[in-house]
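Q: Coordinates in structure-v6.txt, compact mmCIF, C-alpha atoms and all ligand atoms, are listed below.
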# COMPACT_ATOMS: atom_id res chain seq x y z
CA MET A 517 80.17 61.36 159.34
CA PRO A 518 76.38 61.30 159.05
CA ARG A 519 74.91 63.00 155.94
CA ASP A 520 73.15 65.73 157.94
CA SER A 521 76.20 66.60 160.04
CA LYS A 522 76.79 70.40 160.08
CA VAL A 523 80.56 69.91 159.98
CA LYS A 524 80.23 67.69 156.89
CA MET A 525 77.93 70.19 155.12
CA LEU A 526 80.28 73.09 155.84
CA GLY A 527 83.28 70.96 154.82
CA VAL A 528 81.70 70.00 151.48
CA ALA A 529 80.69 73.64 150.81
CA PHE A 530 84.23 74.80 151.65
CA VAL A 531 85.91 72.23 149.38
CA LEU A 532 83.45 73.03 146.56
CA CYS A 533 84.17 76.78 146.87
CA LEU A 534 87.91 76.12 146.93
CA VAL A 535 87.80 73.93 143.82
CA CYS A 536 85.60 76.45 141.94
CA SER A 537 87.77 79.40 142.88
CA ILE A 538 90.89 77.54 141.72
CA LEU A 539 89.15 76.76 138.40
CA VAL A 540 88.02 80.38 137.89
CA SER A 541 91.45 81.80 138.85
CA ALA A 542 93.24 79.32 136.56
CA ALA A 543 90.93 80.29 133.66
CA ALA A 544 91.46 84.01 134.30
CA VAL A 545 95.26 83.65 134.45
CA GLY A 546 95.40 81.17 131.56
CA LEU A 547 93.26 83.34 129.26
CA LYS A 548 94.87 86.66 130.18
CA ALA A 549 97.38 86.62 127.32
CA ARG A 550 94.64 85.78 124.80
CA GLN A 551 92.37 88.52 126.19
CA GLU A 552 95.17 91.08 125.91
CA ARG A 553 95.84 89.97 122.33
CA ASN A 554 92.14 90.25 121.41
CA LYS A 555 91.95 93.70 123.02
CA GLU A 556 94.94 94.86 120.99
CA THR A 557 93.47 93.42 117.76
CA GLU A 558 90.18 95.19 118.47
CA LYS A 559 91.99 98.49 119.05
CA ARG A 560 93.90 98.05 115.77
CA ARG A 561 90.67 97.22 113.90
CA ASN A 562 89.07 100.41 115.28
CA ILE A 563 92.02 102.51 114.18
CA LEU A 564 91.96 100.99 110.67
CA GLN A 565 88.18 101.44 110.37
CA ILE A 566 88.19 105.04 111.57
CA ALA A 567 91.13 105.89 109.28
CA ARG A 568 89.14 104.26 106.44
CA MET A 569 91.86 101.71 105.74
CA TYR A 570 90.06 98.56 106.89
CA ASP A 571 89.59 95.69 104.45
CA PRO A 572 87.62 92.81 106.03
CA SER A 573 89.09 90.32 103.55
CA LYS A 574 92.56 90.76 105.11
CA THR A 575 93.75 90.15 108.65
CA VAL A 576 94.01 93.08 111.02
CA ASP A 577 97.70 92.42 111.72
CA GLU A 578 98.53 92.32 108.01
CA GLN A 579 96.86 95.70 107.48
CA PHE A 580 98.21 97.23 110.65
CA SER A 581 101.78 96.61 109.46
CA ARG A 582 101.32 99.86 107.47
CA VAL A 583 100.69 101.76 110.71
CA ARG A 584 103.47 102.86 113.04
CA SER A 585 102.70 103.79 116.62
CA ARG A 586 104.69 106.60 118.26
CA MET A 587 104.50 108.37 121.60
CA VAL A 588 104.05 112.13 121.62
CA ASP A 589 104.96 114.53 124.40
CA LEU A 590 102.08 117.00 124.32
CA GLU A 591 103.99 119.56 126.41
CA LYS A 592 106.87 119.73 123.94
CA GLY A 593 104.84 118.87 120.84
CA GLN A 594 107.37 116.24 119.80
CA PHE A 595 107.78 112.52 119.46
CA VAL A 596 109.52 110.81 122.36
CA ASP A 597 110.97 107.39 122.84
CA SER A 598 108.27 105.11 124.25
CA ALA A 599 110.61 104.20 127.14
CA ALA A 600 110.62 107.89 128.20
CA ALA A 601 106.83 108.15 128.05
CA VAL A 602 106.02 107.34 131.65
CA LYS A 603 102.49 107.73 132.98
CA GLU A 604 102.07 111.39 133.93
CA LEU A 605 98.64 112.95 134.35
CA HIS A 606 98.15 116.70 134.15
CA ALA A 607 95.15 118.36 135.75
CA ILE A 608 93.24 120.58 133.31
CA PRO A 609 92.09 123.94 134.71
CA ALA A 610 88.27 124.14 134.58
CA GLY A 611 88.32 127.07 132.13
CA GLU A 612 90.33 125.05 129.59
CA ASP A 613 88.53 121.74 129.97
CA SER A 614 86.12 121.86 127.01
CA ALA A 615 86.31 118.05 126.75
CA GLY A 616 85.16 117.64 130.39
CA ILE A 617 87.94 115.17 131.23
CA ARG A 618 89.56 116.97 134.21
CA SER A 619 93.04 115.60 133.47
CA ARG A 620 94.97 114.24 130.53
CA PRO A 621 98.18 112.25 130.08
CA ARG A 622 101.31 114.16 129.13
CA PHE A 623 102.23 111.41 126.66
CA MET A 624 99.81 110.09 124.05
CA GLU A 625 100.19 107.25 121.59
CA VAL A 626 99.49 108.34 118.00
CA TYR A 627 99.56 106.31 114.78
CA LEU A 628 101.34 107.17 111.53
CA VAL A 629 100.66 105.83 108.08
CA GLU A 630 103.46 106.17 105.54
CA GLU A 631 103.59 104.89 101.99
CA GLN A 632 106.95 104.53 100.27
CA GLY A 633 108.49 106.87 102.83
CA ARG A 634 105.78 109.50 102.31
CA PHE A 635 103.64 110.55 105.22
CA MET A 636 99.96 109.91 104.48
CA GLN A 637 97.94 110.09 107.72
CA VAL A 638 98.26 110.64 111.43
CA ILE A 639 95.60 109.07 113.63
CA LEU A 640 95.03 110.80 116.95
CA PRO A 641 93.11 109.43 119.94
CA VAL A 642 90.48 111.88 121.24
CA TYR A 643 87.94 111.60 124.05
CA GLY A 644 85.55 113.71 126.06
CA LYS A 645 82.10 114.04 127.58
CA GLY A 646 78.95 113.64 125.52
CA LEU A 647 75.54 113.95 127.16
CA TRP A 648 75.66 110.75 129.23
CA SER A 649 79.11 109.31 128.79
CA THR A 650 82.75 109.79 127.91
CA MET A 651 83.12 109.16 124.18
CA TYR A 652 86.37 107.61 122.94
CA GLY A 653 87.46 107.86 119.32
CA PHE A 654 90.09 108.79 116.80
CA ILE A 655 90.50 111.55 114.24
CA ALA A 656 92.72 110.90 111.23
CA LEU A 657 94.38 113.80 109.41
CA GLY A 658 96.01 113.79 105.98
CA PRO A 659 99.45 115.06 104.84
CA ASP A 660 98.57 118.75 105.42
CA LEU A 661 97.73 117.86 109.05
CA SER A 662 94.43 119.70 108.78
CA THR A 663 92.27 117.75 106.31
CA VAL A 664 90.20 115.07 108.03
CA THR A 665 90.66 111.64 106.45
CA GLY A 666 88.49 109.80 108.95
CA PHE A 667 86.71 110.24 112.27
CA GLY A 668 84.66 108.12 114.61
CA PHE A 669 84.12 106.68 118.07
CA TYR A 670 84.76 103.14 119.28
CA GLN A 671 83.21 103.50 122.73
CA HIS A 672 80.46 105.66 124.22
CA GLY A 673 77.22 105.37 126.18
CA GLU A 674 74.99 107.85 124.31
CA THR A 675 71.35 106.92 123.66
CA PRO A 676 70.84 104.61 120.67
CA GLY A 677 68.84 106.45 117.99
CA LEU A 678 69.70 109.88 119.49
CA GLY A 679 73.29 110.60 120.58
CA GLY A 680 74.17 107.07 119.43
CA GLU A 681 73.76 108.33 115.87
CA ILE A 682 77.38 109.54 116.08
CA ASP A 683 78.10 105.99 114.86
CA ASN A 684 75.83 106.38 111.83
CA PRO A 685 77.97 105.78 108.70
CA ASN A 686 76.02 108.47 106.81
CA TRP A 687 77.00 111.07 109.39
CA LEU A 688 80.60 109.83 109.64
CA ALA A 689 80.88 110.07 105.83
CA LYS A 690 80.46 113.85 106.15
CA TRP A 691 83.83 114.19 107.92
CA PRO A 692 86.51 113.28 105.36
CA GLY A 693 87.66 116.38 103.47
CA LYS A 694 86.73 118.81 106.24
CA LEU A 695 89.46 121.16 107.46
CA VAL A 696 90.32 121.33 111.15
CA TYR A 697 92.27 124.62 110.87
CA ASP A 698 91.81 127.63 108.57
CA GLN A 699 94.59 129.36 106.58
CA SER A 700 95.72 131.31 109.65
CA GLY A 701 95.94 128.15 111.77
CA LYS A 702 92.79 128.91 113.79
CA LEU A 703 90.87 125.85 114.96
CA ARG A 704 87.55 125.91 113.10
CA ILE A 705 86.10 122.39 112.98
CA GLU A 706 82.62 122.23 114.52
CA VAL A 707 79.41 120.24 114.42
CA ILE A 708 76.58 122.75 113.97
CA LYS A 709 72.86 122.51 114.75
CA GLY A 710 71.06 121.87 111.48
CA THR A 711 72.52 121.58 108.00
CA VAL A 712 75.66 123.25 106.69
CA ASP A 713 75.08 125.91 104.03
CA THR A 714 76.94 124.41 101.07
CA ALA A 715 77.38 127.85 99.51
CA GLY A 716 78.56 129.43 102.77
CA PRO A 717 82.15 130.32 103.69
CA ASP A 718 82.37 127.72 106.47
CA VAL A 719 81.41 124.68 104.44
CA ARG A 720 84.91 123.15 104.76
CA HIS A 721 84.95 123.51 108.57
CA LYS A 722 81.39 122.70 109.67
CA ILE A 723 79.59 119.38 109.88
CA ASP A 724 75.81 118.86 109.86
CA GLY A 725 74.26 118.29 113.28
CA ILE A 726 72.23 115.22 114.22
CA SER A 727 68.58 115.87 115.01
CA GLY A 728 67.65 114.87 118.56
CA ALA A 729 71.35 114.73 119.47
CA THR A 730 72.37 118.36 119.76
CA LEU A 731 73.93 117.85 123.20
CA THR A 732 76.03 114.86 122.14
CA ALA A 733 77.09 116.76 119.00
CA ARG A 734 78.13 119.70 121.15
CA GLY A 735 80.27 117.25 123.15
CA VAL A 736 81.91 116.13 119.89
CA SER A 737 82.78 119.73 118.95
CA ASN A 738 84.03 120.44 122.46
CA LEU A 739 86.28 117.42 122.71
CA LEU A 740 87.79 118.18 119.28
CA ALA A 741 88.32 121.79 120.37
CA TYR A 742 90.31 120.51 123.33
CA TRP A 743 92.37 117.81 121.63
CA LEU A 744 93.16 119.77 118.47
CA GLY A 745 93.79 122.98 120.42
CA GLU A 746 96.83 124.44 122.19
CA ASN A 747 96.59 122.02 125.12
CA GLY A 748 96.12 118.99 122.91
CA TYR A 749 97.88 118.06 119.67
CA LYS A 750 98.18 121.51 118.08
CA ASN A 751 101.86 122.05 118.98
CA PHE A 752 102.72 118.54 117.87
CA LEU A 753 100.89 119.02 114.54
CA GLN A 754 102.76 122.29 114.01
CA THR A 755 106.09 120.52 114.61
CA MET A 756 105.07 117.79 112.19
CA ARG A 757 104.07 120.34 109.55
CA LYS A 758 107.53 121.92 109.77
CA THR A 759 109.28 118.59 109.33
CA GLY A 760 107.09 117.47 106.44
CA GLY A 761 105.13 115.05 108.57
CA VAL A 762 107.97 112.69 109.32
CA GLN A 763 110.18 113.07 112.33
CA PRO A 764 113.11 110.92 113.37
C1 LIG B 801 65.67 109.38 127.36
C2 LIG B 801 66.34 110.47 126.56
C3 LIG B 801 67.61 110.22 126.06
C4 LIG B 801 68.29 111.20 125.34
N1 LIG B 801 69.53 110.97 124.87
C5 LIG B 801 70.19 111.93 124.21
C6 LIG B 801 71.53 111.72 123.74
O1 LIG B 801 72.12 110.65 123.88
N2 LIG B 801 72.15 112.75 123.13
C7 LIG B 801 71.53 113.97 122.93
O2 LIG B 801 72.17 114.87 122.38
N3 LIG B 801 70.29 114.18 123.34
C8 LIG B 801 69.59 113.20 123.95
N4 LIG B 801 68.33 113.42 124.38
C9 LIG B 801 67.65 114.63 123.92
C10 LIG B 801 68.12 115.85 124.65
O3 LIG B 801 67.44 115.92 125.84
C11 LIG B 801 67.80 117.08 123.79
O4 LIG B 801 66.44 117.15 123.62
C12 LIG B 801 68.44 117.01 122.44
O5 LIG B 801 69.83 116.91 122.55
C13 LIG B 801 68.12 118.24 121.63
O6 LIG B 801 68.42 117.96 120.28
P1 LIG B 801 67.61 118.67 119.10
O7 LIG B 801 67.83 120.13 119.34
O8 LIG B 801 68.28 118.21 117.85
O9 LIG B 801 66.22 118.22 119.22
C14 LIG B 801 67.66 112.45 125.10
C15 LIG B 801 66.37 112.67 125.60
C16 LIG B 801 65.73 111.70 126.32
C17 LIG B 801 64.35 111.98 126.86
Can the structure from this file be put into structure tokens for me?
Ligand SMILES: Cc1cc2nc3c(=O)[nH]c(=O)nc-3n(C[C@H](O)[C@H](O)[C@H](O)COP(=O)(O)O)c2cc1C

A:
Amino acid sequence: MPRDSKVKMLGVAFVLCLVCSILVSAAAVGLKARQERNKETEKRRNILQIARMYDPSKTVDEQFSRVRSRMVDLEKGQFVDSAAAVKELHAIPAGEDSAGIRSRPRFMEVYLVEEQGRFMQVILPVYGKGLWSTMYGFIALGPDLSTVTGFGFYQHGETPGLGGEIDNPNWLAKWPGKLVYDQSGKLRIEVIKGTVDTAGPDVRHKIDGISGATLTARGVSNLLAYWLGENGYKNFLQTMRKTGGVQP
């Protein structure tokens, strides 16, 4: 066929597209397992970092062997077998949706840290609306299931330098030691505007705000209010408290 034949040009373009699409598809399929593995490692690293257990000199898998993942039925407040934890989304009535997420799964994966059979930490996934984005993170609680041992986000789209300061290590360092619930079991944890009065009665429950990020900080308080409240993990944490943290 002559070089400038339309049929030849279309034929060459078609064959080129076919070859390229086969190459791209083969790469996507071939790398899928590795991508999944990397995603899982990244998730584990985030959990370890937020729970303040991460040691960069050791591998993530080695350190994550101390963490046990379990599924929780939020309706019943109990652990369930992961095989029973099918995908089931529940719509959240507008009046109860302080996290701004509209619906939440009935079953959530949580992470337990035990040392020599003693329960040390539970790490709970939490998420909700900030100013511009949904913020995804974890809160880690100690053996009394109220004292924060770590908190942070691994994904959000807040403005760097403003709402993005929720990733600032200095601010995150203010969380460990704070109490989510008071003596009567009332949910009290909150990020305030300004600085916490260190001599005030609420010092154990309140966290300093971030200047220029009041709206993002309000989102943080609101999403914690949802996830640590009656419709989130509160029933489960109560069950855990009764059983000394460890359930069969
Ligand atoms: C471009 C732009 C981006 C902003 N991003 C954020 C943000 O990510 N989070 C936030 O809380 N406020 C953000 N703000 C500021 C809010 O509009 C608001 O002024 C601020 O939350 C009030 O905080 P302050 O009371 O500490 O000053 C942004 C403002 C502008 C103009």

Q: Can you tell me, as a PyMOL selection string, what residues are no more than 12 Å from Thr714 of chain A when counting all atoms listed in the file, ignoring any on the same chain fewer than 6 positions away?

A: chain A and resi 720-724

Q: Would you compute the distance between atom CA of Ile726 of chain A and atom CA of Gly658 of chain A? Give it in Å to one decimal.

A: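 Spanning atom CA of Ile726 of chain A to atom CA of Gly658 of chain A is a straight-line distance of 25.2 Å.
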
Q: With only C-alpha atoms as the atoms that count, which of A:Asn562, A:Ser727, A:Thr732, A:Gln594 lies nearest to Gly748 of chain A?

A: A:Gln594

Q: Each residue of chain A lying at most 8 Å from ligand LIG 801 (chain B) should get a row with its shortest atom-to-atom pair and the distance in Å to one decimal, counting all atoms listed in the file; could you produce that, ordered by chain and increasing number, as JSON lines?

A:
{"residue": "A:Gly646", "atom": "CA", "partner": "B:LIG801", "partner_atom": "N2", "distance": 7.3}
{"residue": "A:Leu647", "atom": "CA", "partner": "B:LIG801", "partner_atom": "N2", "distance": 5.4}
{"residue": "A:Trp648", "atom": "CA", "partner": "B:LIG801", "partner_atom": "O1", "distance": 6.4}
{"residue": "A:Gly673", "atom": "CA", "partner": "B:LIG801", "partner_atom": "O1", "distance": 7.7}
{"residue": "A:Glu674", "atom": "CA", "partner": "B:LIG801", "partner_atom": "O1", "distance": 4.0}
{"residue": "A:Thr675", "atom": "CA", "partner": "B:LIG801", "partner_atom": "O1", "distance": 3.8}
{"residue": "A:Pro676", "atom": "CA", "partner": "B:LIG801", "partner_atom": "O1", "distance": 7.0}
{"residue": "A:Gly677", "atom": "CA", "partner": "B:LIG801", "partner_atom": "O1", "distance": 7.9}
{"residue": "A:Leu678", "atom": "CA", "partner": "B:LIG801", "partner_atom": "C6", "distance": 5.0}
{"residue": "A:Gly679", "atom": "CA", "partner": "B:LIG801", "partner_atom": "O1", "distance": 3.5}
{"residue": "A:Gly680", "atom": "CA", "partner": "B:LIG801", "partner_atom": "O1", "distance": 6.1}
{"residue": "A:Lys709", "atom": "CA", "partner": "B:LIG801", "partner_atom": "O8", "distance": 7.0}
{"residue": "A:Gly710", "atom": "CA", "partner": "B:LIG801", "partner_atom": "O8", "distance": 7.9}
{"residue": "A:Gly725", "atom": "CA", "partner": "B:LIG801", "partner_atom": "O8", "distance": 7.5}
{"residue": "A:Ile726", "atom": "CA", "partner": "B:LIG801", "partner_atom": "O8", "distance": 6.1}
{"residue": "A:Ser727", "atom": "CA", "partner": "B:LIG801", "partner_atom": "O8", "distance": 3.7}
{"residue": "A:Gly728", "atom": "CA", "partner": "B:LIG801", "partner_atom": "O8", "distance": 3.5}
{"residue": "A:Ala729", "atom": "CA", "partner": "B:LIG801", "partner_atom": "O2", "distance": 3.0}
{"residue": "A:Thr730", "atom": "CA", "partner": "B:LIG801", "partner_atom": "O6", "distance": 4.0}
{"residue": "A:Leu731", "atom": "CA", "partner": "B:LIG801", "partner_atom": "O2", "distance": 3.6}
{"residue": "A:Thr732", "atom": "CA", "partner": "B:LIG801", "partner_atom": "O2", "distance": 3.9}
{"residue": "A:Ala733", "atom": "CA", "partner": "B:LIG801", "partner_atom": "O2", "distance": 6.3}
{"residue": "A:Arg734", "atom": "CA", "partner": "B:LIG801", "partner_atom": "O2", "distance": 7.8}

Q: Find the residues of segment 624-706 of chain A that sit at most 12 Å from segment 571-587 of chain A; for each, write down the nearest two atoms and how far apart they are in Å, to one decimal. Count all atoms listed in the file. Sort by chain, then by number going up, and give it as CSV.

A:
residue,atom,partner,partner_atom,distance
A:Met624,CA,A:Met587,CA,5.6
A:Glu625,CA,A:Met587,CA,4.5
A:Val626,CA,A:Arg586,CA,5.5
A:Tyr627,CA,A:Ser585,CA,4.4
A:Leu628,CA,A:Arg584,CA,5.0
A:Val629,CA,A:Val583,CA,4.8
A:Glu630,CA,A:Arg582,CA,6.9
A:Glu631,CA,A:Arg582,CA,7.8
A:Gln632,CA,A:Arg582,CA,10.3
A:Gly633,CA,A:Arg582,CA,11.0
A:Arg634,CA,A:Arg582,CA,11.8
A:Phe635,CA,A:Val583,CA,10.8
A:Met636,CA,A:Val583,CA,10.3
A:Gln637,CA,A:Val583,CA,9.3
A:Val638,CA,A:Val583,CA,9.2
A:Ile639,CA,A:Ser585,CA,9.3
A:Leu640,CA,A:Ser585,CA,10.4
A:Pro641,CA,A:Met587,CA,11.6

Q: Go ahead and save the picked residues with C-alpha atoms, as a PDB file, in the coordinates of the input.

A:
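Output contents, as saved in again16.pdb:
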ATOM      1  CA  MET A 624      99.810 110.090 124.050  1.00  0.00           C
ATOM      2  CA  GLU A 625     100.190 107.250 121.590  1.00  0.00           C
ATOM      3  CA  VAL A 626      99.490 108.340 118.000  1.00  0.00           C
ATOM      4  CA  TYR A 627      99.560 106.310 114.780  1.00  0.00           C
ATOM      5  CA  LEU A 628     101.340 107.170 111.530  1.00  0.00           C
ATOM      6  CA  VAL A 629     100.660 105.830 108.080  1.00  0.00           C
ATOM      7  CA  GLU A 630     103.460 106.170 105.540  1.00  0.00           C
ATOM      8  CA  GLU A 631     103.590 104.890 101.990  1.00  0.00           C
ATOM      9  CA  GLN A 632     106.950 104.530 100.270  1.00  0.00           C
ATOM     10  CA  GLY A 633     108.490 106.870 102.830  1.00  0.00           C
ATOM     11  CA  ARG A 634     105.780 109.500 102.310  1.00  0.00           C
ATOM     12  CA  PHE A 635     103.640 110.550 105.220  1.00  0.00           C
ATOM     13  CA  MET A 636      99.960 109.910 104.480  1.00  0.00           C
ATOM     14  CA  GLN A 637      97.940 110.090 107.720  1.00  0.00           C
ATOM     15  CA  VAL A 638      98.260 110.640 111.430  1.00  0.00           C
ATOM     16  CA  ILE A 639      95.600 109.070 113.630  1.00  0.00           C
ATOM     17  CA  LEU A 640      95.030 110.800 116.950  1.00  0.00           C
ATOM     18  CA  PRO A 641      93.110 109.430 119.940  1.00  0.00           C
TER      19      PRO A 641
END
